[in-house]
Structures are given as C-alpha cells and as structure tokens.
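Enquirer: Below you'll find upload_13.csv; it's CSV, N, CA and C atoms.
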```csv
chain,number,residue,atom,x,y,z
I,27,MET,N,7.0,9.4,-2.8
I,27,MET,CA,6.0,9.5,-1.7
I,27,MET,C,5.4,8.1,-1.5
I,28,ILE,N,5.2,7.7,-0.2
I,28,ILE,CA,4.6,6.5,0.1
I,28,ILE,C,3.2,6.8,0.7
I,29,LEU,N,2.2,6.1,0.1
I,29,LEU,CA,0.8,6.1,0.6
I,29,LEU,C,0.6,4.8,1.2
I,30,HIS,N,0.1,4.8,2.4
I,30,HIS,CA,-0.1,3.5,3.2
I,30,HIS,C,-1.6,3.4,3.5
I,31,LEU,N,-2.3,2.4,3.0
I,31,LEU,CA,-3.7,2.2,3.3
I,31,LEU,C,-3.7,1.1,4.4
I,32,SER,N,-4.0,1.5,5.6
I,32,SER,CA,-4.1,0.6,6.7
I,32,SER,C,-4.7,1.3,7.9
I,33,GLN,N,-5.3,0.5,8.8
I,33,GLN,CA,-5.8,0.9,10.1
I,33,GLN,C,-5.0,0.4,11.2
I,34,ASP,N,-3.9,-0.4,10.9
I,34,ASP,CA,-3.1,-1.0,11.9
I,34,ASP,C,-2.1,0.1,12.4
I,35,LEU,N,-2.4,0.7,13.5
I,35,LEU,CA,-1.6,1.9,13.9
I,35,LEU,C,-0.1,1.5,14.2
I,36,MET,N,0.2,0.3,14.7
I,36,MET,CA,1.6,0.0,15.0
I,36,MET,C,2.4,-0.1,13.7
I,37,LEU,N,1.7,-0.8,12.6
I,37,LEU,CA,2.4,-0.9,11.4
I,37,LEU,C,2.5,0.5,10.7
I,38,VAL,N,1.5,1.3,10.8
I,38,VAL,CA,1.5,2.6,10.2
I,38,VAL,C,2.7,3.4,10.8
I,39,ALA,N,2.9,3.3,12.1
I,39,ALA,CA,4.0,4.0,12.8
I,39,ALA,C,5.3,3.5,12.3
I,40,ARG,N,5.5,2.2,12.1
I,40,ARG,CA,6.7,1.6,11.6
I,40,ARG,C,7.0,2.1,10.1
I,41,VAL,N,6.0,2.1,9.3
I,41,VAL,CA,6.2,2.6,7.9
I,41,VAL,C,6.6,4.1,7.9
I,42,SER,N,5.9,4.8,8.7
I,42,SER,CA,6.1,6.3,8.9
I,42,SER,C,7.6,6.5,9.3
I,43,ALA,N,8.0,5.8,10.3
I,43,ALA,CA,9.4,6.0,10.8
I,43,ALA,C,10.4,5.6,9.8
I,44,ALA,N,10.2,4.5,9.1
I,44,ALA,CA,11.1,4.0,8.0
I,44,ALA,C,11.2,5.1,6.9
I,45,SER,N,10.0,5.6,6.5
I,45,SER,CA,9.9,6.7,5.5
I,45,SER,C,10.7,7.9,5.9
I,46,ARG,N,10.5,8.3,7.2
I,46,ARG,CA,11.2,9.5,7.7
I,46,ARG,C,12.7,9.3,7.6
I,47,VAL,N,13.2,8.1,8.1
I,47,VAL,CA,14.6,7.8,8.1
I,47,VAL,C,15.2,7.9,6.6
I,48,ALA,N,14.4,7.4,5.7
I,48,ALA,CA,14.8,7.4,4.3
I,48,ALA,C,14.6,8.7,3.6
I,49,GLY,N,14.0,9.7,4.2
I,49,GLY,CA,13.8,11.0,3.7
I,49,GLY,C,12.7,11.0,2.6
I,50,ILE,N,11.7,10.1,2.8
I,50,ILE,CA,10.6,10.0,1.8
I,50,ILE,C,9.3,10.5,2.5
I,51,SER,N,8.5,11.2,1.7
I,51,SER,CA,7.2,11.7,2.2
I,51,SER,C,6.3,10.5,2.4
I,52,PHE,N,5.4,10.6,3.4
I,52,PHE,CA,4.6,9.5,3.8
I,52,PHE,C,3.2,10.1,4.2
I,53,LYS,N,2.2,9.3,3.7
I,53,LYS,CA,0.8,9.7,4.1
I,53,LYS,C,0.1,8.4,4.4
I,54,SER,N,-0.6,8.3,5.5
I,54,SER,CA,-1.4,7.2,5.9
I,54,SER,C,-2.9,7.5,5.6
I,55,LEU,N,-3.6,6.5,5.0
I,55,LEU,CA,-5.0,6.7,4.8
I,55,LEU,C,-5.7,5.4,5.3
I,56,SER,N,-6.9,5.6,5.8
I,56,SER,CA,-7.6,4.5,6.5
I,56,SER,C,-8.7,3.9,5.7
I,57,SER,N,-9.0,4.4,4.5
I,57,SER,CA,-10.0,3.8,3.7
I,57,SER,C,-9.6,3.9,2.2
I,58,ALA,N,-10.1,2.9,1.5
I,58,ALA,CA,-9.8,2.8,0.0
I,58,ALA,C,-10.4,4.1,-0.7
I,59,LYS,N,-11.5,4.5,-0.2
I,59,LYS,CA,-12.1,5.7,-0.8
I,59,LYS,C,-11.2,6.9,-0.7
I,60,SER,N,-10.7,7.1,0.5
I,60,SER,CA,-9.8,8.3,0.7
I,60,SER,C,-8.5,8.1,0.0
I,61,LEU,N,-8.0,6.9,-0.2
I,61,LEU,CA,-6.8,6.7,-0.9
I,61,LEU,C,-7.0,7.1,-2.4
I,62,LEU,N,-8.1,6.5,-3.0
I,62,LEU,CA,-8.4,6.8,-4.4
I,62,LEU,C,-8.7,8.3,-4.6
I,63,GLU,N,-9.4,8.9,-3.7
I,63,GLU,CA,-9.6,10.4,-3.8
I,63,GLU,C,-8.3,11.1,-3.8
I,64,TRP,N,-7.4,10.7,-2.9
I,64,TRP,CA,-6.1,11.4,-2.9
I,64,TRP,C,-5.3,11.2,-4.2
I,65,ILE,N,-5.3,10.0,-4.7
I,65,ILE,CA,-4.5,9.7,-5.9
I,65,ILE,C,-5.1,10.4,-7.1
I,66,THR,N,-6.4,10.4,-7.3
I,66,THR,CA,-7.0,11.1,-8.4
I,66,THR,C,-7.1,12.6,-8.3
I,67,GLY,N,-6.9,13.1,-7.1
I,67,GLY,CA,-7.0,14.5,-6.9
I,67,GLY,C,-5.6,15.2,-6.8
I,68,ARG,N,-4.6,14.5,-7.3
I,68,ARG,CA,-3.3,15.1,-7.2
I,68,ARG,C,-3.2,16.4,-8.1
I,69,GLU,N,-2.5,17.3,-7.6
I,69,GLU,CA,-2.3,18.6,-8.3
I,69,GLU,C,-1.3,18.4,-9.4
I,70,PRO,N,-1.5,19.1,-10.6
I,70,PRO,CA,-0.4,19.1,-11.6
I,70,PRO,C,0.9,19.6,-11.0
I,71,GLY,N,2.0,18.9,-11.3
I,71,GLY,CA,3.3,19.3,-10.8
I,71,GLY,C,3.5,18.7,-9.4
I,72,GLY,N,2.6,18.0,-8.9
I,72,GLY,CA,2.8,17.4,-7.6
I,72,GLY,C,3.4,16.0,-7.8
I,73,SER,N,3.1,15.1,-6.9
I,73,SER,CA,3.7,13.7,-7.0
I,73,SER,C,3.3,13.1,-8.4
I,74,THR,N,4.3,12.6,-9.0
I,74,THR,CA,4.1,11.9,-10.3
I,74,THR,C,3.9,10.5,-10.1
I,75,ASP,N,3.4,9.8,-11.1
I,75,ASP,CA,3.2,8.3,-11.0
I,75,ASP,C,4.5,7.6,-10.5
I,76,LYS,N,5.7,8.1,-11.0
I,76,LYS,CA,7.0,7.5,-10.6
I,76,LYS,C,7.3,7.7,-9.2
I,77,ASP,N,6.8,8.8,-8.6
I,77,ASP,CA,7.0,9.1,-7.2
I,77,ASP,C,6.2,8.4,-6.2
I,78,LEU,N,5.0,7.9,-6.6
I,78,LEU,CA,4.1,7.3,-5.7
I,78,LEU,C,4.3,5.8,-5.6
I,79,HIS,N,4.3,5.4,-4.3
I,79,HIS,CA,4.4,3.9,-4.0
I,79,HIS,C,3.3,3.7,-3.0
I,80,VAL,N,2.5,2.7,-3.2
I,80,VAL,CA,1.3,2.4,-2.4
I,80,VAL,C,1.4,1.1,-1.7
I,81,PHE,N,1.3,1.1,-0.4
I,81,PHE,CA,1.2,-0.1,0.4
I,81,PHE,C,-0.2,-0.3,0.9
I,82,VAL,N,-0.7,-1.5,0.7
I,82,VAL,CA,-2.1,-1.8,0.9
I,82,VAL,C,-2.3,-3.0,1.9
I,83,ASP,N,-2.9,-2.7,3.0
I,83,ASP,CA,-3.2,-3.8,4.0
I,83,ASP,C,-4.5,-4.4,3.5
I,84,LEU,N,-4.4,-5.7,3.0
I,84,LEU,CA,-5.5,-6.4,2.5
I,84,LEU,C,-6.6,-6.8,3.5
I,85,GLN,N,-6.3,-6.7,4.8
I,85,GLN,CA,-7.2,-7.0,5.9
I,85,GLN,C,-8.0,-5.8,6.3
I,86,LEU,N,-7.9,-4.7,5.6
I,86,LEU,CA,-8.7,-3.6,5.9
I,86,LEU,C,-10.2,-3.9,5.8
I,87,PRO,N,-11.0,-3.6,6.9
I,87,PRO,CA,-12.4,-4.0,6.8
I,87,PRO,C,-13.1,-3.4,5.6
I,88,ASP,N,-14.0,-4.2,5.0
I,88,ASP,CA,-14.8,-3.8,3.8
I,88,ASP,C,-14.0,-3.4,2.6
I,89,LEU,N,-12.8,-3.9,2.5
I,89,LEU,CA,-11.9,-3.6,1.3
I,89,LEU,C,-12.3,-4.5,0.2
I,90,SER,N,-12.7,-3.9,-1.0
I,90,SER,CA,-12.9,-4.7,-2.2
I,90,SER,C,-11.6,-4.8,-2.9
I,91,ILE,N,-10.9,-5.9,-2.7
I,91,ILE,CA,-9.5,-6.1,-3.1
I,91,ILE,C,-9.3,-5.9,-4.6
I,92,ALA,N,-10.1,-6.6,-5.4
I,92,ALA,CA,-9.9,-6.6,-6.8
I,92,ALA,C,-10.2,-5.2,-7.4
I,93,ASP,N,-11.3,-4.6,-6.9
I,93,ASP,CA,-11.6,-3.2,-7.4
I,93,ASP,C,-10.6,-2.2,-7.0
I,94,THR,N,-10.2,-2.2,-5.7
I,94,THR,CA,-9.2,-1.2,-5.2
I,94,THR,C,-7.9,-1.4,-5.9
I,95,LEU,N,-7.3,-2.6,-5.9
I,95,LEU,CA,-6.0,-2.7,-6.6
I,95,LEU,C,-6.0,-2.4,-8.0
I,96,THR,N,-7.1,-2.8,-8.7
I,96,THR,CA,-7.2,-2.5,-10.1
I,96,THR,C,-7.2,-1.0,-10.4
I,97,GLU,N,-8.0,-0.3,-9.6
I,97,GLU,CA,-8.1,1.2,-9.7
I,97,GLU,C,-6.8,1.9,-9.4
I,98,ILE,N,-6.2,1.4,-8.3
I,98,ILE,CA,-4.9,2.0,-8.0
I,98,ILE,C,-3.9,1.8,-9.1
I,99,GLY,N,-3.9,0.6,-9.7
I,99,GLY,CA,-3.1,0.2,-10.8
I,99,GLY,C,-3.3,1.0,-12.1
I,100,ARG,N,-4.5,1.6,-12.2
I,100,ARG,CA,-4.8,2.5,-13.3
I,100,ARG,C,-4.2,3.9,-13.1
I,101,GLN,N,-4.1,4.2,-11.8
I,101,GLN,CA,-3.7,5.6,-11.5
I,101,GLN,C,-2.1,5.7,-11.3
I,102,VAL,N,-1.5,4.7,-10.9
I,102,VAL,CA,0.0,4.7,-10.6
I,102,VAL,C,0.6,3.5,-11.3
I,103,ASN,N,1.9,3.5,-11.3
I,103,ASN,CA,2.7,2.4,-11.9
I,103,ASN,C,2.3,1.1,-11.1
I,104,PRO,N,1.7,0.1,-11.7
I,104,PRO,CA,1.3,-1.1,-11.0
I,104,PRO,C,2.4,-1.8,-10.2
I,105,ALA,N,3.7,-1.6,-10.7
I,105,ALA,CA,4.8,-2.2,-10.0
I,105,ALA,C,5.1,-1.5,-8.7
I,106,SER,N,4.6,-0.3,-8.5
I,106,SER,CA,4.9,0.4,-7.2
I,106,SER,C,3.8,0.1,-6.1
I,107,ILE,N,3.0,-0.9,-6.3
I,107,ILE,CA,2.0,-1.3,-5.4
I,107,ILE,C,2.4,-2.5,-4.6
I,108,VAL,N,2.4,-2.5,-3.3
I,108,VAL,CA,2.7,-3.6,-2.5
I,108,VAL,C,1.5,-3.9,-1.6
I,109,ALA,N,0.9,-5.1,-1.7
I,109,ALA,CA,-0.2,-5.4,-0.9
I,109,ALA,C,0.2,-6.6,0.0
I,110,TYR,N,-0.4,-6.6,1.2
I,110,TYR,CA,0.0,-7.7,2.2
I,110,TYR,C,-1.2,-8.1,3.1
I,111,ALA,N,-1.1,-9.3,3.6
I,111,ALA,CA,-2.0,-9.8,4.6
I,111,ALA,C,-1.3,-10.9,5.4
I,112,GLN,N,-1.9,-11.3,6.5
I,112,GLN,CA,-1.4,-12.4,7.3
I,112,GLN,C,-1.3,-13.6,6.5
I,113,HIS,N,-0.3,-14.4,6.7
I,113,HIS,CA,-0.1,-15.6,5.9
I,113,HIS,C,-1.2,-16.6,6.0
I,114,VAL,N,-2.0,-16.6,7.0
I,114,VAL,CA,-3.2,-17.5,7.1
I,114,VAL,C,-4.3,-17.0,6.3
I,115,ARG,N,-4.3,-15.8,5.7
I,115,ARG,CA,-5.4,-15.2,4.9
I,115,ARG,C,-5.1,-15.5,3.4
I,116,THR,N,-4.9,-16.7,3.1
I,116,THR,CA,-4.6,-17.1,1.7
I,116,THR,C,-5.7,-16.6,0.7
I,117,ASP,N,-7.0,-16.5,1.2
I,117,ASP,CA,-8.0,-16.1,0.4
I,117,ASP,C,-7.8,-14.6,-0.1
I,118,LEU,N,-7.3,-13.8,0.8
I,118,LEU,CA,-7.1,-12.4,0.5
I,118,LEU,C,-5.8,-12.3,-0.4
I,119,LEU,N,-4.8,-13.0,-0.1
I,119,LEU,CA,-3.6,-13.0,-0.9
I,119,LEU,C,-3.8,-13.5,-2.3
I,120,ASP,N,-4.6,-14.6,-2.4
I,120,ASP,CA,-4.9,-15.1,-3.8
I,120,ASP,C,-5.8,-14.2,-4.6
I,121,ASN,N,-6.7,-13.5,-3.9
I,121,ASN,CA,-7.6,-12.5,-4.6
I,121,ASN,C,-6.7,-11.4,-5.1
I,122,ALA,N,-5.8,-10.9,-4.3
I,122,ALA,CA,-4.9,-9.8,-4.7
I,122,ALA,C,-4.0,-10.3,-5.9
I,123,ARG,N,-3.5,-11.5,-5.8
I,123,ARG,CA,-2.6,-12.0,-6.9
I,123,ARG,C,-3.4,-12.1,-8.2
I,124,SER,N,-4.7,-12.4,-8.1
I,124,SER,CA,-5.5,-12.6,-9.3
I,124,SER,C,-5.6,-11.3,-10.1
I,125,THR,N,-5.4,-10.1,-9.5
I,125,THR,CA,-5.5,-8.9,-10.2
I,125,THR,C,-4.3,-8.6,-11.1
I,126,GLY,N,-3.2,-9.3,-10.8
I,126,GLY,CA,-2.0,-9.1,-11.6
I,126,GLY,C,-1.3,-7.7,-11.3
I,127,VAL,N,-1.7,-7.1,-10.2
I,127,VAL,CA,-1.2,-5.7,-9.9
I,127,VAL,C,-0.2,-5.8,-8.7
I,128,GLY,N,0.9,-5.3,-8.9
I,128,GLY,CA,1.9,-5.1,-7.8
I,128,GLY,C,2.5,-6.3,-7.3
I,129,VAL,N,3.1,-6.2,-6.1
I,129,VAL,CA,3.7,-7.3,-5.4
I,129,VAL,C,2.9,-7.7,-4.2
I,130,ILE,N,2.6,-8.9,-4.0
I,130,ILE,CA,1.7,-9.4,-3.0
I,130,ILE,C,2.6,-10.2,-2.0
I,131,LEU,N,2.6,-9.8,-0.7
I,131,LEU,CA,3.4,-10.4,0.3
I,131,LEU,C,2.6,-10.8,1.5
I,132,THR,N,3.1,-11.7,2.3
I,132,THR,CA,2.5,-12.0,3.6
I,132,THR,C,2.9,-10.8,4.5
I,133,ARG,N,2.1,-10.7,5.6
I,133,ARG,CA,2.4,-9.6,6.5
I,133,ARG,C,3.9,-9.7,7.1
I,134,GLY,N,4.3,-11.0,7.4
I,134,GLY,CA,5.6,-11.2,7.8
I,134,GLY,C,6.7,-10.8,6.8
I,135,GLN,N,6.5,-11.1,5.5
I,135,GLN,CA,7.4,-10.7,4.5
I,135,GLN,C,7.4,-9.2,4.4
I,136,PHE,N,6.3,-8.5,4.4
I,136,PHE,CA,6.2,-7.1,4.4
I,136,PHE,C,7.0,-6.5,5.5
I,137,ASP,N,6.7,-7.0,6.7
I,137,ASP,CA,7.4,-6.5,7.9
I,137,ASP,C,8.9,-6.7,7.8
I,138,HIS,N,9.4,-7.8,7.4
I,138,HIS,CA,10.8,-8.2,7.3
I,138,HIS,C,11.5,-7.3,6.2
I,139,GLN,N,10.8,-7.0,5.1
I,139,GLN,CA,11.4,-6.3,4.0
I,139,GLN,C,11.1,-4.8,4.0
I,140,LEU,N,10.5,-4.3,5.0
I,140,LEU,CA,10.0,-2.9,5.1
I,140,LEU,C,11.1,-1.9,4.7
I,141,GLU,N,12.2,-2.0,5.3
I,141,GLU,CA,13.3,-1.0,5.0
I,141,GLU,C,13.7,-1.1,3.5
I,142,ASN,N,13.7,-2.2,2.9
I,142,ASN,CA,14.1,-2.4,1.5
I,142,ASN,C,12.9,-1.8,0.6
I,143,LEU,N,11.7,-2.1,1.0
I,143,LEU,CA,10.6,-1.6,0.3
I,143,LEU,C,10.5,0.0,0.3
I,144,VAL,N,10.8,0.5,1.5
I,144,VAL,CA,10.8,2.0,1.6
I,144,VAL,C,12.0,2.6,0.8
I,145,SER,N,13.2,2.0,1.0
I,145,SER,CA,14.3,2.5,0.3
I,145,SER,C,14.1,2.4,-1.2
I,146,GLY,N,13.4,1.4,-1.7
I,146,GLY,CA,13.1,1.3,-3.1
I,146,GLY,C,12.2,2.4,-3.6
I,147,ALA,N,11.5,3.0,-2.7
I,147,ALA,CA,10.6,4.1,-3.1
I,147,ALA,C,11.3,5.5,-3.2
I,148,ALA,N,12.6,5.5,-2.8
I,148,ALA,CA,13.4,6.7,-2.8
I,148,ALA,C,13.8,7.1,-4.2
```
Just dump the structure as structure tokens.

Expert:
Amino acid sequence: MILHLSQDLMLVARVSAASRVAGISFKSLSSAKSLLEWITGREPGGSTDKDLHVFVDLQLPDLSIADTLTEIGRQVNPASIVAYAQHVRTDLLDNARSTGVGVILTRGQFDHQLENLVSGAA
C-alpha cells in the first residue's frame, strides 16, 4: 500500500493512477496528523510494515519535517519513505536529509522516477 501525504491534487492524481496501474492500494492524506493516525491505527492483520510505502510532500503547509519523518520512521520501515520538495527548497530537502530517514528527492526526481517508486512498492 502507498500512503501519499500531499495537498497537490495533480501529483496525487498521478500517484493514484500509477498505483492503480501497478495494482497497489493507494491512500492520499492531506495532513501529517491524519497520516500518523492512519499508520498507528492499523488493524492487526492489515497492512504490515513491509506493505506500507509512504510518499511525503515536504512543502505541505505547517509540516514539521523532522518530527513527522522521524515518527513515520518509527512506525514503518524507514527505507520505504520517500520525501520530496522542489529543487529550489534546499532548506526543506536538507532538513529531511538530516533525519536519516528514507529517500529524499527533488520534486523533479520524484516525478521522473514515479513509476519505478510505485513498482518498488509492489
């Protein structure tokens, strides 16, 4: 399953479509709070840590990058987290990299690698 934290409707639609083509469950969430509630509220026998892949838009308003990525990394395999921001937002990218959690990409890299990222979640 792919969880996508973003309010960018065009990108959410692209990730959703790529997930559907790959046959992978997809859920879009628009706040870090709702994402963390969803992850921590999983039912026993539901999605396992190995099944969850989390895509995080670092440009989400009011996102506490370090706290959010660290908490997601406690709940799921940190290698299954992909965070991204526009290449000009080096402050956000550096902040995310400093957590040591997941893969940090520019928005262009994320967009270009989307099909591979989604197929890697299968």

Enquirer: Which residue gives the smallest distance to Leu35 in chain I among I:Gln101, I:Thr132, I:Ser54, I:Ser60, with only C-alpha atoms counted?

Expert: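 Closest to Leu35 in chain I of all the choices is I:Ser54.
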
Enquirer: Write out as a VMD selection string all residues of range 28-142 of chain I that backbone DSSP assigns to strand (DSSP E or B).

Expert: chain I and resid 28 to 31 52 to 55 79 to 83 107 to 111 129 to 132

Enquirer: Grab the atom N of Ser145 in chain I to atom N of Ile50 in chain I distance for me, in Å with one decimal place.

Expert: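 These two atoms are separated by 8.4 Å.
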
Enquirer: Enumerate the residues of chain I with a DSSP assignment of helix (DSSP H, G or I), computed from the backbone, and present them as a ChimeraX atom specification.

Expert: /I:35-48,58-66,75-77,91-101,104-106,116-124,133-146

Enquirer: From the options I:Ile28, I:Val108, I:Leu143, I:Met36, which residue's atoms come nearest to Val129 in chain I, counting all atoms listed in the file?

Expert: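 Of I:Ile28, I:Val108, I:Leu143, I:Met36, the one nearest Val129 in chain I is I:Val108, counting all atoms listed in the file.
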
Enquirer: Residues near Val144 in chain I, anyone? I mean within 12 Å using only C-alpha atoms, not counting same-chain ones fewer than 4 positions away, as an MDAnalysis selection string.

Expert: chainID I and resid 27:30 40:52 77:81 106:108 136:140 148

Enquirer: Any idea what's packed within 9 Å of range 84-87 of chain I, counting only C-alpha atoms, ignoring anything in its chain fewer than 6 positions away? Could you give it as number ranges by chain?

Expert: I: 31-34, 56-58, 109-112, 115, 118-119, 122

Enquirer: In Å, rounded to a single decimal, give me how far atom N of Ala105 in chain I is from CA of Gly126 in chain I.

Expert: 9.5 Å

Enquirer: How many Å lie between atom N of Asp120 in chain I and atom C of Gly99 in chain I, rounded to one decimal?

Expert: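 That distance, rounded to one decimal, is 18.4 Å.
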
Enquirer: Quick one: of I:Leu37, I:Ala147, I:Leu95, I:Leu89, who's nearest to Val127 in chain I, counting only N, CA and C atoms?

Expert: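 Of the candidates, the smallest distance to Val127 in chain I is held by I:Leu95.
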
Enquirer: Considering all atoms listed in the file, can you say which of I:Thr125, I:Thr116, I:Gly146, I:Ile65 comes closest to Val102 in chain I?

Expert: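 Once distances to Val102 in chain I are computed over all atoms listed in the file, the minimum belongs to I:Ile65.
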